[in-house]
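Heads up, run-v4.tsv below (TSV, C-alpha atoms):
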chain	number	residue	atom	x	y	z
A	192	GLY	CA	-27.28	-15.66	3.59
A	193	GLN	CA	-28.71	-18.48	1.58
A	194	SER	CA	-26.79	-21.63	0.78
A	195	LEU	CA	-27.53	-25.14	-0.40
A	196	GLU	CA	-24.77	-27.71	-0.33
A	197	GLN	CA	-24.68	-30.85	-2.46
A	198	PRO	CA	-21.84	-33.11	-3.62
A	199	SER	CA	-20.20	-31.94	-6.83
A	200	GLU	CA	-19.95	-35.36	-8.43
A	201	VAL	CA	-21.34	-38.86	-8.02
A	202	THR	CA	-20.59	-41.96	-10.08
A	203	ALA	CA	-22.71	-45.10	-10.17
A	204	VAL	CA	-23.29	-48.11	-12.42
A	205	GLU	CA	-26.31	-48.87	-14.53
A	206	GLY	CA	-29.09	-50.53	-12.57
A	207	ALA	CA	-27.83	-49.27	-9.22
A	208	ILE	CA	-29.42	-46.85	-6.74
A	209	VAL	CA	-27.89	-43.48	-5.99
A	210	GLN	CA	-28.74	-40.84	-3.39
A	211	ILE	CA	-27.87	-37.18	-3.84
A	212	ASN	CA	-27.95	-35.19	-0.62
A	213	CYS	CA	-28.72	-31.53	-0.13
A	214	THR	CA	-28.34	-29.51	3.06
A	215	TYR	CA	-29.66	-26.00	3.17
A	216	GLN	CA	-29.31	-22.86	5.19
A	217	THR	CA	-31.81	-20.20	4.15
A	218	SER	CA	-33.52	-17.28	5.85
A	219	GLY	CA	-36.89	-18.43	4.55
A	220	PHE	CA	-37.91	-21.90	3.46
A	221	TYR	CA	-41.11	-23.13	1.87
A	222	GLY	CA	-40.00	-26.27	0.11
A	223	LEU	CA	-37.27	-28.09	-1.78
A	224	SER	CA	-37.31	-28.83	-5.49
A	225	TRP	CA	-35.09	-31.02	-7.61
A	226	TYR	CA	-34.15	-30.36	-11.21
A	227	GLN	CA	-32.27	-32.39	-13.81
A	228	GLN	CA	-30.13	-30.73	-16.44
A	229	HIS	CA	-28.42	-32.51	-19.30
A	230	ASP	CA	-25.40	-30.85	-20.90
A	231	GLY	CA	-26.59	-28.07	-23.17
A	232	GLY	CA	-30.17	-28.44	-22.00
A	233	ALA	CA	-32.60	-26.63	-19.74
A	234	PRO	CA	-33.31	-27.68	-16.16
A	235	THR	CA	-36.34	-29.96	-16.01
A	236	PHE	CA	-38.46	-30.36	-12.90
A	237	LEU	CA	-38.26	-33.68	-11.08
A	238	SER	CA	-39.97	-33.26	-7.72
A	239	TYR	CA	-40.99	-30.90	-4.96
A	240	ASN	CA	-41.27	-31.43	-1.20
A	241	ALA	CA	-43.13	-28.86	0.82
A	242	LEU	CA	-43.61	-31.14	3.83
A	243	ASP	CA	-41.39	-33.65	5.60
A	244	GLY	CA	-41.35	-37.11	4.14
A	245	LEU	CA	-40.89	-39.01	0.94
A	246	GLU	CA	-42.36	-38.18	-2.47
A	247	GLU	CA	-42.16	-40.88	-5.13
A	248	THR	CA	-42.41	-40.36	-8.86
A	249	GLY	CA	-41.51	-43.44	-10.82
A	250	ARG	CA	-37.82	-44.24	-10.46
A	251	PHE	CA	-37.18	-40.97	-8.63
A	252	SER	CA	-37.98	-40.23	-5.00
A	253	SER	CA	-37.27	-37.16	-2.94
A	254	PHE	CA	-37.14	-36.74	0.81
A	255	LEU	CA	-37.24	-33.71	3.07
A	256	SER	CA	-36.53	-33.21	6.76
A	257	ARG	CA	-37.17	-29.63	7.79
A	258	SER	CA	-35.85	-30.18	11.30
A	259	ASP	CA	-32.49	-31.31	9.85
A	260	SER	CA	-32.50	-28.78	6.97
A	261	TYR	CA	-31.80	-31.73	4.73
A	262	GLY	CA	-33.19	-33.43	1.70
A	263	TYR	CA	-32.16	-36.00	-0.82
A	264	LEU	CA	-33.00	-37.28	-4.27
A	265	LEU	CA	-33.01	-41.03	-4.76
A	266	LEU	CA	-32.64	-42.46	-8.24
A	267	GLN	CA	-33.36	-46.16	-8.67
A	268	GLU	CA	-32.64	-48.57	-11.52
A	269	LEU	CA	-30.15	-46.15	-12.97
A	270	GLN	CA	-30.02	-45.81	-16.73
A	271	MET	CA	-27.34	-44.27	-18.92
A	272	LYS	CA	-29.71	-41.43	-19.80
A	273	ASP	CA	-29.73	-40.42	-16.12
A	274	SER	CA	-26.20	-39.05	-16.57
A	275	ALA	CA	-26.79	-35.35	-15.98
A	276	SER	CA	-26.48	-32.62	-13.37
A	277	TYR	CA	-28.99	-32.56	-10.55
A	278	PHE	CA	-29.83	-29.42	-8.64
A	279	CYS	CA	-31.68	-28.95	-5.39
A	280	ALA	CA	-33.44	-25.61	-5.08
A	281	ALA	CA	-35.11	-24.03	-2.09
A	282	LYS	CA	-38.22	-21.93	-2.43
A	283	VAL	CA	-37.40	-19.03	-0.14
A	284	ASP	CA	-40.33	-16.72	-0.72
A	285	ASN	CA	-43.91	-17.69	0.00
A	286	ALA	CA	-45.33	-14.90	-2.13
A	287	GLY	CA	-43.34	-15.63	-5.23
A	288	ASN	CA	-41.22	-18.01	-7.19
A	289	MET	CA	-37.71	-17.19	-6.09
A	290	LEU	CA	-35.55	-20.30	-6.05
A	291	THR	CA	-32.10	-20.55	-4.51
A	292	PHE	CA	-30.12	-23.33	-6.15
A	293	GLY	CA	-27.40	-25.62	-4.91
A	294	GLY	CA	-24.22	-25.92	-6.92
A	295	GLY	CA	-25.40	-29.06	-8.67
A	296	THR	CA	-24.29	-32.69	-8.58
A	297	ARG	CA	-22.90	-34.21	-11.72
A	298	LEU	CA	-24.05	-37.83	-11.94
A	299	MET	CA	-22.12	-40.18	-14.19
A	300	VAL	CA	-23.74	-43.54	-14.87
A	301	LYS	CA	-21.34	-46.18	-16.12
A	302	PRO	CA	-22.25	-49.42	-17.89
B	31	LYS	CA	-49.01	-27.24	-25.10
B	32	ALA	CA	-45.89	-25.44	-26.26
B	33	GLY	CA	-43.12	-25.05	-23.71
B	34	VAL	CA	-41.27	-21.94	-22.65
B	35	THR	CA	-39.52	-20.33	-25.59
B	36	GLN	CA	-36.58	-17.97	-25.50
B	37	THR	CA	-35.08	-15.87	-28.23
B	38	PRO	CA	-32.44	-15.58	-29.40
B	39	ARG	CA	-30.78	-18.86	-28.47
B	40	TYR	CA	-27.26	-17.52	-28.97
B	41	LEU	CA	-25.88	-14.03	-28.87
B	42	ILE	CA	-22.43	-12.50	-29.15
B	43	LYS	CA	-21.89	-8.95	-27.97
B	44	THR	CA	-18.93	-6.76	-27.08
B	45	ARG	CA	-18.21	-5.01	-23.82
B	46	GLY	CA	-20.21	-1.85	-23.31
B	47	GLN	CA	-23.08	-2.88	-25.55
B	48	GLN	CA	-26.56	-3.66	-24.30
B	49	VAL	CA	-28.72	-6.69	-24.98
B	50	THR	CA	-32.39	-7.63	-24.76
B	51	LEU	CA	-33.52	-11.21	-24.29
B	52	SER	CA	-37.06	-12.41	-24.76
B	53	CYS	CA	-39.11	-15.11	-23.06
B	54	SER	CA	-42.56	-16.44	-23.94
B	55	PRO	CA	-44.07	-18.48	-21.10
B	56	ILE	CA	-46.30	-21.49	-21.39
B	57	SER	CA	-49.79	-20.45	-22.35
B	58	GLY	CA	-51.77	-19.52	-19.25
B	59	HIS	CA	-48.72	-19.02	-17.06
B	60	ARG	CA	-48.54	-15.60	-15.45
B	61	SER	CA	-45.28	-15.80	-13.52
B	62	VAL	CA	-41.96	-15.46	-15.31
B	63	SER	CA	-38.61	-15.72	-13.56
B	64	TRP	CA	-35.14	-15.16	-14.92
B	65	TYR	CA	-31.94	-16.93	-13.87
B	66	GLN	CA	-28.30	-16.61	-14.79
B	67	GLN	CA	-26.21	-19.77	-15.04
B	68	THR	CA	-22.41	-19.69	-15.07
B	69	PRO	CA	-19.82	-22.38	-14.31
B	70	GLY	CA	-18.47	-20.34	-11.40
B	71	GLN	CA	-21.63	-19.06	-9.73
B	72	GLY	CA	-24.12	-21.71	-10.77
B	73	LEU	CA	-27.79	-20.85	-11.14
B	74	GLN	CA	-28.67	-17.48	-9.67
B	75	PHE	CA	-32.07	-15.81	-9.47
B	76	LEU	CA	-32.32	-12.50	-11.28
B	77	PHE	CA	-35.95	-11.43	-10.92
B	78	GLU	CA	-39.55	-12.55	-11.14
B	79	TYR	CA	-42.50	-10.89	-12.82
B	80	PHE	CA	-46.14	-11.56	-12.15
B	81	SER	CA	-49.01	-9.65	-13.78
B	82	GLU	CA	-46.57	-7.12	-15.23
B	83	THR	CA	-45.07	-6.33	-11.81
B	84	GLN	CA	-41.66	-7.25	-10.51
B	85	ARG	CA	-42.32	-9.37	-7.45
B	86	ASN	CA	-38.81	-10.42	-6.46
B	87	LYS	CA	-35.32	-9.32	-7.33
B	88	GLY	CA	-32.02	-11.12	-6.84
B	89	ASN	CA	-28.69	-9.63	-5.94
B	90	PHE	CA	-27.64	-8.23	-9.32
B	91	PRO	CA	-26.59	-4.70	-10.27
B	92	GLY	CA	-29.03	-2.23	-11.75
B	93	ARG	CA	-27.62	-2.93	-15.23
B	94	PHE	CA	-29.92	-5.94	-15.21
B	95	SER	CA	-33.56	-5.04	-15.70
B	96	GLY	CA	-36.68	-6.65	-16.99
B	97	ARG	CA	-40.32	-6.19	-17.75
B	98	GLN	CA	-43.41	-8.20	-18.43
B	99	PHE	CA	-46.13	-7.46	-20.93
B	100	SER	CA	-49.87	-7.93	-20.63
B	101	ASN	CA	-49.65	-11.24	-22.52
B	102	SER	CA	-47.13	-12.46	-19.87
B	103	ARG	CA	-44.21	-12.38	-22.28
B	104	SER	CA	-41.12	-11.02	-20.61
B	105	GLU	CA	-37.91	-9.36	-21.64
B	106	MET	CA	-34.72	-8.79	-19.75
B	107	ASN	CA	-32.16	-6.17	-20.59
B	108	VAL	CA	-28.51	-5.93	-19.67
B	109	SER	CA	-26.84	-2.59	-20.27
B	110	THR	CA	-23.14	-1.78	-20.44
B	111	LEU	CA	-22.16	-5.41	-20.86
B	112	GLU	CA	-19.14	-6.78	-19.00
B	113	LEU	CA	-17.12	-9.89	-19.73
B	114	GLY	CA	-18.54	-11.46	-16.59
B	115	ASP	CA	-22.05	-11.25	-18.02
B	116	SER	CA	-21.24	-14.13	-20.33
B	117	ALA	CA	-23.66	-16.81	-19.22
B	118	LEU	CA	-26.68	-18.91	-20.02
B	119	TYR	CA	-29.80	-16.88	-19.23
B	120	LEU	CA	-32.77	-19.04	-18.37
B	121	CYS	CA	-36.36	-18.07	-18.17
B	122	ALA	CA	-38.89	-20.10	-16.20
B	123	SER	CA	-42.65	-19.81	-16.10
B	124	SER	CA	-45.30	-21.02	-13.70
B	125	LEU	CA	-49.04	-20.64	-13.35
B	126	ALA	CA	-49.23	-18.13	-10.53
B	127	GLY	CA	-45.95	-18.31	-8.70
B	128	THR	CA	-47.38	-19.71	-5.49
B	129	SER	CA	-45.30	-21.80	-3.13
B	130	THR	CA	-46.55	-25.05	-4.66
B	131	ASP	CA	-46.17	-23.99	-8.28
B	132	THR	CA	-43.77	-25.84	-10.55
B	133	GLN	CA	-41.43	-23.74	-12.63
B	134	TYR	CA	-40.78	-24.83	-16.19
B	135	PHE	CA	-37.57	-23.67	-17.79
B	136	GLY	CA	-36.94	-22.58	-21.33
B	137	PRO	CA	-33.86	-23.67	-23.33
B	138	GLY	CA	-31.99	-20.49	-22.43
B	139	THR	CA	-30.10	-17.80	-24.29
B	140	ARG	CA	-26.35	-18.25	-24.34
B	141	LEU	CA	-24.76	-14.80	-24.21
B	142	THR	CA	-21.08	-14.36	-24.97
B	143	VAL	CA	-19.49	-10.99	-24.25
B	144	LEU	CA	-16.19	-10.32	-26.02
Translate the structure of the given file into structure tokens.
Amino acid sequence: GQSLEQPSEVTAVEGAIVQINCTYQTSGFYGLSWYQQHDGGAPTFLSYNALDGLEETGRFSSFLSRSDSYGYLLLQELQMKDSASYFCAAKVDNAGNMLTFGGGTRLMVKP
Amino acid sequence: KAGVTQTPRYLIKTRGQQVTLSCSPISGHRSVSWYQQTPGQGLQFLFEYFSETQRNKGNFPGRFSGRQFSNSRSEMNVSTLELGDSALYLCASSLAGTSTDTQYFGPGTRLTVL
């Protein structure tokens, strides 16, 4: 089967740094994506790791370790607008676009 | 460039009816994927179309079907609706659906089955 595990909820204060972990168990694996979804909105793409290591995009960074079947999303200088759900998603098919999603982590940023 | 558009945005149907949802991808994108999002099951892959051909299919019953037209627009159909089909249906498009492609999601169609 395919499964991606991530914490259901994380709370942090404005200006802080938060890390959202994702462990995966999939029959095929070609990379790990992260999406942000505000309540009532569509998922928006944040980052993608095909290879081991760290990818940085502004305040967001994502890390992947294939040997540990593990990745994380790091959000720095948290802002109130970062309050949202964050999903990790594994690309499990090299020939297509099939994504298997984790259950999502609800991030609450407090003042 | 316009984003992914989905119509209708909201839909209310009764059990046993059928429904058709539409998705227009970003201009130039040839891959369209459909996902179902529910509080209980989360985001689940339904199917993917590329150049009018279904390339991948998730673990959903045959009541769920789709198609893609020559202009890359896609429709999905759900027949004999059940209460459990109530969900947000999301469409995502990407250029060619390769392993490094980014998928861009539309706003979704919220389907309520009564």
Handout entry: Check: which chain B residues lie within 8 Å of chain A using all atoms listed in the file, as a VMD selection string
Key = chain B and resid 61 63 71 to 75 77 to 78 85 to 86 120 127 to 138
Problem - Å distance separating CA of Gln66 (chain B) from CA of Leu265 (chain A), one decimal place - result: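 Separation between CA of Gln66 (chain B) and CA of Leu265 (chain A): 26.8 Å.
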Problem - Within 9 Å of Ser260 (chain A) using all atoms listed in the file, minus same-chain residues under 2 positions, as a list of chain:residue names - result: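 Everything that qualifies: A:Cys213, A:Thr214, A:Tyr215, A:Gln216, A:Leu255, A:Ser256, A:Arg257, A:Ser258, A:Gly262.
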Long-range neighbours of Met299 (chain A) as a PDB file with C-alpha atoms, in the frame of the given file, 9 Å cut-off, all atoms listed in the file, 4 positions minimum in chain:
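Below you can see out-v1.pdb, which holds the result:
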ATOM      1  CA  GLU A 200     -19.950 -35.360  -8.430  1.00  0.00           C
ATOM      2  CA  VAL A 201     -21.340 -38.860  -8.020  1.00  0.00           C
ATOM      3  CA  THR A 202     -20.590 -41.960 -10.080  1.00  0.00           C
ATOM      4  CA  ALA A 203     -22.710 -45.100 -10.170  1.00  0.00           C
ATOM      5  CA  VAL A 204     -23.290 -48.110 -12.420  1.00  0.00           C
ATOM      6  CA  MET A 271     -27.340 -44.270 -18.920  1.00  0.00           C
ATOM      7  CA  ASP A 273     -29.730 -40.420 -16.120  1.00  0.00           C
ATOM      8  CA  SER A 274     -26.200 -39.050 -16.570  1.00  0.00           C
ATOM      9  CA  ALA A 275     -26.790 -35.350 -15.980  1.00  0.00           C
ATOM     10  CA  SER A 276     -26.480 -32.620 -13.370  1.00  0.00           C
TER      11      SER A 276
END
Exercise for the section: For CA of Thr296 (chain A) and CA of Gln197 (chain A), determine how far apart the two atoms are, in Å to one decimal place. Expected result: 6.4 Å
Handout entry: Coordinates-based distance that separates CA of Tyr277 (chain A) from CA of Leu298 (chain A) (Å, one decimal)
Key =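 Taking CA of Leu298 (chain A) and CA of Tyr277 (chain A), their separation equals 7.4 Å.
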